[in-house]
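Peer 1: If you scroll down you'll find the structure; I have some questions about it.
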Amino acid sequence: MVSKLLNEGIVDQIREVFTQLDQPVAILYFGRKTDCDYCAETSQLVEEVTAISDKLSLKKYDLDDDATVAARYHVDKAPGMVLAGLDGDRIVDYGIRFAGIPSGHEFSSLIHDLLLVSSRDSGLDAQTRQFLQDLKQPVLLQVFVTPT
Amino acid sequence: MVEATEFPELSNRHGVSGVPQTTINDGAGTVVGAAPEDYLVDEIRSVLEQGK
């Protein structure tokens with residue numbers, strides 16, 4: 001039996017937080033078979049997180065074997081994740097991507113982002129929303145972090 | 001989110017040393033440290049106005 005990454009105490013805390021989940025969320029996970037130090041651990045981590053609530057679902061892909069899907073979601077790094085809304089069978093892409101294992105502080109970011117997508121609301125100011133709606137070209141934001 | 005230690009080439013290309021670092025449009029703009037909402041919007045606006 002493979003030991004769990006999340007202990008019971010953490011799972012209970014997350015379950016409590018997940019009572020706030022509203023609409024369904026899908027995690028699209030992309031791994032690769034070679035050259036990916038943290039794929040196995042990230043894969044197990046997202047399995048354990050999504051198992052905590054039935055409002056979360058997980059779809060696993062391989063970056064190489066499922067290259068068409070990866071291209072569709074502009075995923076080119078493994079381990080990689082898309083956090084998307086799930087409306088019935090339809091994936092609603094909000095452009096949220098994780099590249100690398102979400103450990104340490106980034107684990108909280110993952111949990112927070114699942115709640116955010118589930119709420120279907122960015123939580124941003126009216127002015128910011130207007131600014132974003134007025135955008136005439138794509139904007140890529142990449143936030144570099146380290147696993148502290 | 002990009003976990004910098006797993007993607008060193010990308011991180012080096014963007015000169016990542018202090019984290020968090022937010023890059024806008026592949027390095028056209030950069031915010032080191034926390035990026036409050038209004039500040040980030042201003043930075044994005046600035047990048048777009050400069051036509052980067």
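Note on naming: chains are A, B, ... as they come in the structure tokens, residues start from 1 per chain, ligands start from 1 in the order shown.
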I'd like the neighbourhood of Asp42 of chain B as JSON, numbers by chain, where a residue qualifies if any of its atoms comes within 12 Å (using only C-alpha atoms), though same-chain residues fewer than 6 positions away should be ignored.
Peer 2: {"A": [127, 128, 131, 132], "B": [24, 29, 30, 31, 35, 36, 48, 49]}
Peer 1: Could you work out which residues of chain B fall inside 8 Å of chain A? Count only C-alpha atoms, and format the result as a list in words.
Peer 2: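 So the contacting residues turn out to be Met1, Val2, Glu3, Ala4, Thr5, Glu6, Phe7, Ser11, Val16, Val19, Pro20, Gln21, Thr22, Thr23, Ile24, Asn25, Asp26, Glu37, Asp38, Val41 and Ile44 of chain B.
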Peer 1: Using only C-alpha atoms, find the one residue out of A:Leu114, A:Leu28, A:Val46, A:Ile52 that sits nearest to Val75 of chain A.
Peer 2: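 Looking only at the distances to Val75 of chain A, the closest residue turns out to be A:Leu28.
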Peer 1: As an mmCIF file with C-alpha atoms, in the first residue's frame, please: every residue in segment 2-71 of chain A that a backbone DSSP assignment puts in strand (DSSP E or B).
Peer 2:
```cif
data_model
loop_
_atom_site.group_PDB
_atom_site.id
_atom_site.type_symbol
_atom_site.label_atom_id
_atom_site.label_comp_id
_atom_site.auth_asym_id
_atom_site.auth_seq_id
_atom_site.Cartn_x
_atom_site.Cartn_y
_atom_site.Cartn_z
ATOM 1 C CA VAL A 25 -14.403 21.887 -10.663
ATOM 2 C CA ALA A 26 -12.207 19.721 -12.873
ATOM 3 C CA ILE A 27 -8.465 19.323 -12.557
ATOM 4 C CA LEU A 28 -6.818 18.297 -15.821
ATOM 5 C CA TYR A 29 -3.499 16.815 -14.811
ATOM 6 C CA PHE A 30 -0.660 16.353 -17.318
ATOM 7 C CA GLY A 31 2.267 14.092 -16.480
ATOM 8 C CA LEU A 56 -13.992 17.875 -7.713
ATOM 9 C CA SER A 57 -13.091 15.620 -10.591
ATOM 10 C CA LEU A 58 -9.733 14.649 -12.002
ATOM 11 C CA LYS A 59 -8.770 13.857 -15.580
ATOM 12 C CA LYS A 60 -5.250 12.591 -16.128
ATOM 13 C CA TYR A 61 -3.330 13.012 -19.341
ATOM 14 C CA ASP A 62 0.154 12.283 -20.600
#
```
Peer 1: Between atom CA of Val17 of chain A and atom CA of Glu48 of chain A, what is the distance, to one decimal in Å?
Peer 2: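 One can read the atom CA of Val17 of chain A to atom CA of Glu48 of chain A distance as 14.9 Å.
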Peer 1: Can you list, as a PDB file with N, CA and C atoms, in the first residue's frame, every residue of chain A that DSSP puts in helix (DSSP H, G or I)?
Peer 2:
```pdb
ATOM      1  N   GLU A   8      -4.482  12.363   7.977  1.00  0.00           N
ATOM      2  CA  GLU A   8      -5.912  12.498   8.299  1.00  0.00           C
ATOM      3  C   GLU A   8      -6.307  13.888   8.775  1.00  0.00           C
ATOM      4  N   GLY A   9      -5.437  14.473   9.596  1.00  0.00           N
ATOM      5  CA  GLY A   9      -5.697  15.804  10.134  1.00  0.00           C
ATOM      6  C   GLY A   9      -5.846  16.841   9.033  1.00  0.00           C
ATOM      7  N   ILE A  10      -4.921  16.803   8.069  1.00  0.00           N
ATOM      8  CA  ILE A  10      -4.961  17.732   6.934  1.00  0.00           C
ATOM      9  C   ILE A  10      -6.215  17.489   6.099  1.00  0.00           C
ATOM     10  N   VAL A  11      -6.508  16.213   5.852  1.00  0.00           N
ATOM     11  CA  VAL A  11      -7.687  15.871   5.049  1.00  0.00           C
ATOM     12  C   VAL A  11      -8.955  16.413   5.716  1.00  0.00           C
ATOM     13  N   ASP A  12      -9.041  16.275   7.036  1.00  0.00           N
ATOM     14  CA  ASP A  12     -10.210  16.793   7.763  1.00  0.00           C
ATOM     15  C   ASP A  12     -10.326  18.304   7.609  1.00  0.00           C
ATOM     16  N   GLN A  13      -9.182  18.985   7.708  1.00  0.00           N
ATOM     17  CA  GLN A  13      -9.191  20.444   7.550  1.00  0.00           C
ATOM     18  C   GLN A  13      -9.658  20.844   6.157  1.00  0.00           C
ATOM     19  N   ILE A  14      -9.131  20.137   5.161  1.00  0.00           N
ATOM     20  CA  ILE A  14      -9.498  20.446   3.775  1.00  0.00           C
ATOM     21  C   ILE A  14     -10.977  20.144   3.535  1.00  0.00           C
ATOM     22  N   ARG A  15     -11.441  19.029   4.106  1.00  0.00           N
ATOM     23  CA  ARG A  15     -12.856  18.667   3.936  1.00  0.00           C
ATOM     24  C   ARG A  15     -13.751  19.779   4.478  1.00  0.00           C
ATOM     25  N   GLU A  16     -13.343  20.331   5.606  1.00  0.00           N
ATOM     26  CA  GLU A  16     -14.070  21.434   6.226  1.00  0.00           C
ATOM     27  C   GLU A  16     -14.095  22.654   5.288  1.00  0.00           C
ATOM     28  N   VAL A  17     -12.933  22.999   4.748  1.00  0.00           N
ATOM     29  CA  VAL A  17     -12.835  24.128   3.807  1.00  0.00           C
ATOM     30  C   VAL A  17     -13.685  23.855   2.565  1.00  0.00           C
ATOM     31  N   PHE A  18     -13.686  22.617   2.105  1.00  0.00           N
ATOM     32  CA  PHE A  18     -14.412  22.253   0.886  1.00  0.00           C
ATOM     33  C   PHE A  18     -15.926  22.265   1.045  1.00  0.00           C
ATOM     34  N   THR A  19     -16.433  22.464   2.269  1.00  0.00           N
ATOM     35  CA  THR A  19     -17.884  22.615   2.419  1.00  0.00           C
ATOM     36  C   THR A  19     -18.322  23.915   1.730  1.00  0.00           C
ATOM     37  N   GLN A  20     -17.342  24.797   1.461  1.00  0.00           N
ATOM     38  CA  GLN A  20     -17.640  26.040   0.745  1.00  0.00           C
ATOM     39  C   GLN A  20     -17.730  25.846  -0.768  1.00  0.00           C
ATOM     40  N   CYS A  39       6.425  14.159 -10.955  1.00  0.00           N
ATOM     41  CA  CYS A  39       5.156  13.713 -11.550  1.00  0.00           C
ATOM     42  C   CYS A  39       4.424  12.724 -10.648  1.00  0.00           C
ATOM     43  N   ALA A  40       5.132  11.712 -10.160  1.00  0.00           N
ATOM     44  CA  ALA A  40       4.467  10.685  -9.358  1.00  0.00           C
ATOM     45  C   ALA A  40       3.818  11.303  -8.115  1.00  0.00           C
ATOM     46  N   GLU A  41       4.571  12.185  -7.455  1.00  0.00           N
ATOM     47  CA  GLU A  41       4.067  12.778  -6.227  1.00  0.00           C
ATOM     48  C   GLU A  41       2.896  13.732  -6.499  1.00  0.00           C
ATOM     49  N   THR A  42       3.010  14.515  -7.561  1.00  0.00           N
ATOM     50  CA  THR A  42       1.945  15.458  -7.901  1.00  0.00           C
ATOM     51  C   THR A  42       0.684  14.705  -8.300  1.00  0.00           C
ATOM     52  N   SER A  43       0.860  13.637  -9.055  1.00  0.00           N
ATOM     53  CA  SER A  43      -0.266  12.814  -9.477  1.00  0.00           C
ATOM     54  C   SER A  43      -1.006  12.261  -8.256  1.00  0.00           C
ATOM     55  N   GLN A  44      -0.248  11.753  -7.285  1.00  0.00           N
ATOM     56  CA  GLN A  44      -0.865  11.214  -6.076  1.00  0.00           C
ATOM     57  C   GLN A  44      -1.537  12.326  -5.270  1.00  0.00           C
ATOM     58  N   LEU A  45      -0.886  13.476  -5.207  1.00  0.00           N
ATOM     59  CA  LEU A  45      -1.431  14.595  -4.438  1.00  0.00           C
ATOM     60  C   LEU A  45      -2.787  15.047  -4.980  1.00  0.00           C
ATOM     61  N   VAL A  46      -2.887  15.182  -6.306  1.00  0.00           N
ATOM     62  CA  VAL A  46      -4.168  15.636  -6.863  1.00  0.00           C
ATOM     63  C   VAL A  46      -5.240  14.561  -6.724  1.00  0.00           C
ATOM     64  N   GLU A  47      -4.836  13.291  -6.749  1.00  0.00           N
ATOM     65  CA  GLU A  47      -5.804  12.218  -6.497  1.00  0.00           C
ATOM     66  C   GLU A  47      -6.367  12.350  -5.089  1.00  0.00           C
ATOM     67  N   GLU A  48      -5.472  12.563  -4.129  1.00  0.00           N
ATOM     68  CA  GLU A  48      -5.926  12.647  -2.737  1.00  0.00           C
ATOM     69  C   GLU A  48      -6.797  13.873  -2.506  1.00  0.00           C
ATOM     70  N   VAL A  49      -6.450  14.993  -3.125  1.00  0.00           N
ATOM     71  CA  VAL A  49      -7.242  16.221  -2.943  1.00  0.00           C
ATOM     72  C   VAL A  49      -8.622  16.082  -3.574  1.00  0.00           C
ATOM     73  N   THR A  50      -8.657  15.587  -4.809  1.00  0.00           N
ATOM     74  CA  THR A  50      -9.959  15.507  -5.489  1.00  0.00           C
ATOM     75  C   THR A  50     -10.864  14.457  -4.851  1.00  0.00           C
ATOM     76  N   ALA A  67      -0.832  14.617 -26.654  1.00  0.00           N
ATOM     77  CA  ALA A  67      -0.286  15.906 -27.105  1.00  0.00           C
ATOM     78  C   ALA A  67      -1.358  16.851 -27.642  1.00  0.00           C
ATOM     79  N   THR A  68      -2.404  16.294 -28.275  1.00  0.00           N
ATOM     80  CA  THR A  68      -3.473  17.147 -28.820  1.00  0.00           C
ATOM     81  C   THR A  68      -4.209  17.867 -27.695  1.00  0.00           C
ATOM     82  N   VAL A  69      -4.483  17.115 -26.631  1.00  0.00           N
ATOM     83  CA  VAL A  69      -5.170  17.728 -25.485  1.00  0.00           C
ATOM     84  C   VAL A  69      -4.274  18.781 -24.845  1.00  0.00           C
ATOM     85  N   ALA A  70      -2.999  18.441 -24.694  1.00  0.00           N
ATOM     86  CA  ALA A  70      -2.041  19.381 -24.107  1.00  0.00           C
ATOM     87  C   ALA A  70      -1.984  20.669 -24.924  1.00  0.00           C
ATOM     88  N   ALA A  71      -1.981  20.532 -26.231  1.00  0.00           N
ATOM     89  CA  ALA A  71      -1.930  21.707 -27.102  1.00  0.00           C
ATOM     90  C   ALA A  71      -3.199  22.540 -26.965  1.00  0.00           C
ATOM     91  N   ARG A  72      -4.321  21.864 -26.857  1.00  0.00           N
ATOM     92  CA  ARG A  72      -5.606  22.566 -26.718  1.00  0.00           C
ATOM     93  C   ARG A  72      -5.615  23.455 -25.474  1.00  0.00           C
ATOM     94  N   HIS A 105       3.656  26.462   0.474  1.00  0.00           N
ATOM     95  CA  HIS A 105       2.680  27.542   0.406  1.00  0.00           C
ATOM     96  C   HIS A 105       1.766  27.396  -0.798  1.00  0.00           C
ATOM     97  N   GLU A 106       2.283  26.817  -1.859  1.00  0.00           N
ATOM     98  CA  GLU A 106       1.488  26.664  -3.079  1.00  0.00           C
ATOM     99  C   GLU A 106       0.370  25.659  -2.928  1.00  0.00           C
ATOM    100  N   PHE A 107       0.451  24.813  -1.920  1.00  0.00           N
ATOM    101  CA  PHE A 107      -0.665  23.897  -1.666  1.00  0.00           C
ATOM    102  C   PHE A 107      -1.893  24.705  -1.251  1.00  0.00           C
ATOM    103  N   SER A 108      -1.681  25.713  -0.402  1.00  0.00           N
ATOM    104  CA  SER A 108      -2.782  26.610  -0.024  1.00  0.00           C
ATOM    105  C   SER A 108      -3.330  27.336  -1.250  1.00  0.00           C
ATOM    106  N   SER A 109      -2.431  27.719  -2.153  1.00  0.00           N
ATOM    107  CA  SER A 109      -2.876  28.382  -3.381  1.00  0.00           C
ATOM    108  C   SER A 109      -3.764  27.451  -4.187  1.00  0.00           C
ATOM    109  N   LEU A 110      -3.386  26.178  -4.241  1.00  0.00           N
ATOM    110  CA  LEU A 110      -4.186  25.194  -4.975  1.00  0.00           C
ATOM    111  C   LEU A 110      -5.586  25.104  -4.379  1.00  0.00           C
ATOM    112  N   ILE A 111      -5.665  24.951  -3.066  1.00  0.00           N
ATOM    113  CA  ILE A 111      -6.961  24.832  -2.387  1.00  0.00           C
ATOM    114  C   ILE A 111      -7.786  26.098  -2.617  1.00  0.00           C
ATOM    115  N   HIS A 112      -7.136  27.242  -2.474  1.00  0.00           N
ATOM    116  CA  HIS A 112      -7.815  28.517  -2.675  1.00  0.00           C
ATOM    117  C   HIS A 112      -8.339  28.644  -4.100  1.00  0.00           C
ATOM    118  N   ASP A 113      -7.535  28.227  -5.067  1.00  0.00           N
ATOM    119  CA  ASP A 113      -7.942  28.324  -6.469  1.00  0.00           C
ATOM    120  C   ASP A 113      -9.105  27.393  -6.788  1.00  0.00           C
ATOM    121  N   LEU A 114      -9.149  26.232  -6.141  1.00  0.00           N
ATOM    122  CA  LEU A 114     -10.284  25.317  -6.347  1.00  0.00           C
ATOM    123  C   LEU A 114     -11.570  25.978  -5.847  1.00  0.00           C
ATOM    124  N   LEU A 115     -11.478  26.668  -4.712  1.00  0.00           N
ATOM    125  CA  LEU A 115     -12.644  27.392  -4.184  1.00  0.00           C
ATOM    126  C   LEU A 115     -13.040  28.528  -5.128  1.00  0.00           C
ATOM    127  N   LEU A 116     -12.025  29.214  -5.649  1.00  0.00           N
ATOM    128  CA  LEU A 116     -12.266  30.334  -6.553  1.00  0.00           C
ATOM    129  C   LEU A 116     -13.018  29.882  -7.808  1.00  0.00           C
ATOM    130  N   VAL A 117     -12.509  28.825  -8.422  1.00  0.00           N
ATOM    131  CA  VAL A 117     -13.151  28.311  -9.649  1.00  0.00           C
ATOM    132  C   VAL A 117     -14.557  27.818  -9.327  1.00  0.00           C
ATOM    133  N   SER A 118     -14.688  27.183  -8.180  1.00  0.00           N
ATOM    134  CA  SER A 118     -15.991  26.660  -7.765  1.00  0.00           C
ATOM    135  C   SER A 118     -17.009  27.780  -7.577  1.00  0.00           C
ATOM    136  N   SER A 119     -16.543  28.939  -7.136  1.00  0.00           N
ATOM    137  CA  SER A 119     -17.438  30.080  -6.915  1.00  0.00           C
ATOM    138  C   SER A 119     -17.844  30.740  -8.231  1.00  0.00           C
ATOM    139  N   ALA A 126     -14.629  46.014  -9.384  1.00  0.00           N
ATOM    140  CA  ALA A 126     -15.371  46.365 -10.594  1.00  0.00           C
ATOM    141  C   ALA A 126     -14.451  46.984 -11.646  1.00  0.00           C
ATOM    142  N   GLN A 127     -13.535  47.864 -11.197  1.00  0.00           N
ATOM    143  CA  GLN A 127     -12.618  48.521 -12.142  1.00  0.00           C
ATOM    144  C   GLN A 127     -11.712  47.514 -12.841  1.00  0.00           C
ATOM    145  N   THR A 128     -11.220  46.558 -12.057  1.00  0.00           N
ATOM    146  CA  THR A 128     -10.342  45.540 -12.626  1.00  0.00           C
ATOM    147  C   THR A 128     -11.113  44.701 -13.646  1.00  0.00           C
ATOM    148  N   ARG A 129     -12.344  44.322 -13.284  1.00  0.00           N
ATOM    149  CA  ARG A 129     -13.163  43.527 -14.204  1.00  0.00           C
ATOM    150  C   ARG A 129     -13.372  44.270 -15.516  1.00  0.00           C
ATOM    151  N   GLN A 130     -13.633  45.580 -15.429  1.00  0.00           N
ATOM    152  CA  GLN A 130     -13.843  46.393 -16.631  1.00  0.00           C
ATOM    153  C   GLN A 130     -12.579  46.414 -17.472  1.00  0.00           C
ATOM    154  N   PHE A 131     -11.441  46.618 -16.798  1.00  0.00           N
ATOM    155  CA  PHE A 131     -10.149  46.626 -17.482  1.00  0.00           C
ATOM    156  C   PHE A 131      -9.945  45.318 -18.243  1.00  0.00           C
ATOM    157  N   LEU A 132     -10.241  44.216 -17.589  1.00  0.00           N
ATOM    158  CA  LEU A 132     -10.033  42.903 -18.203  1.00  0.00           C
ATOM    159  C   LEU A 132     -11.000  42.669 -19.358  1.00  0.00           C
ATOM    160  N   GLN A 133     -12.218  43.107 -19.198  1.00  0.00           N
ATOM    161  CA  GLN A 133     -13.197  42.942 -20.278  1.00  0.00           C
ATOM    162  C   GLN A 133     -12.809  43.757 -21.503  1.00  0.00           C
TER     163      GLN A 133
END
```
Peer 1: Tell me, in Å to one decimal, how far atom CA of Arg120 of chain A is from atom CA of Val82 of chain A.
Peer 2: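 Going from atom CA of Arg120 of chain A over to atom CA of Val82 of chain A, I get 15.1 Å.
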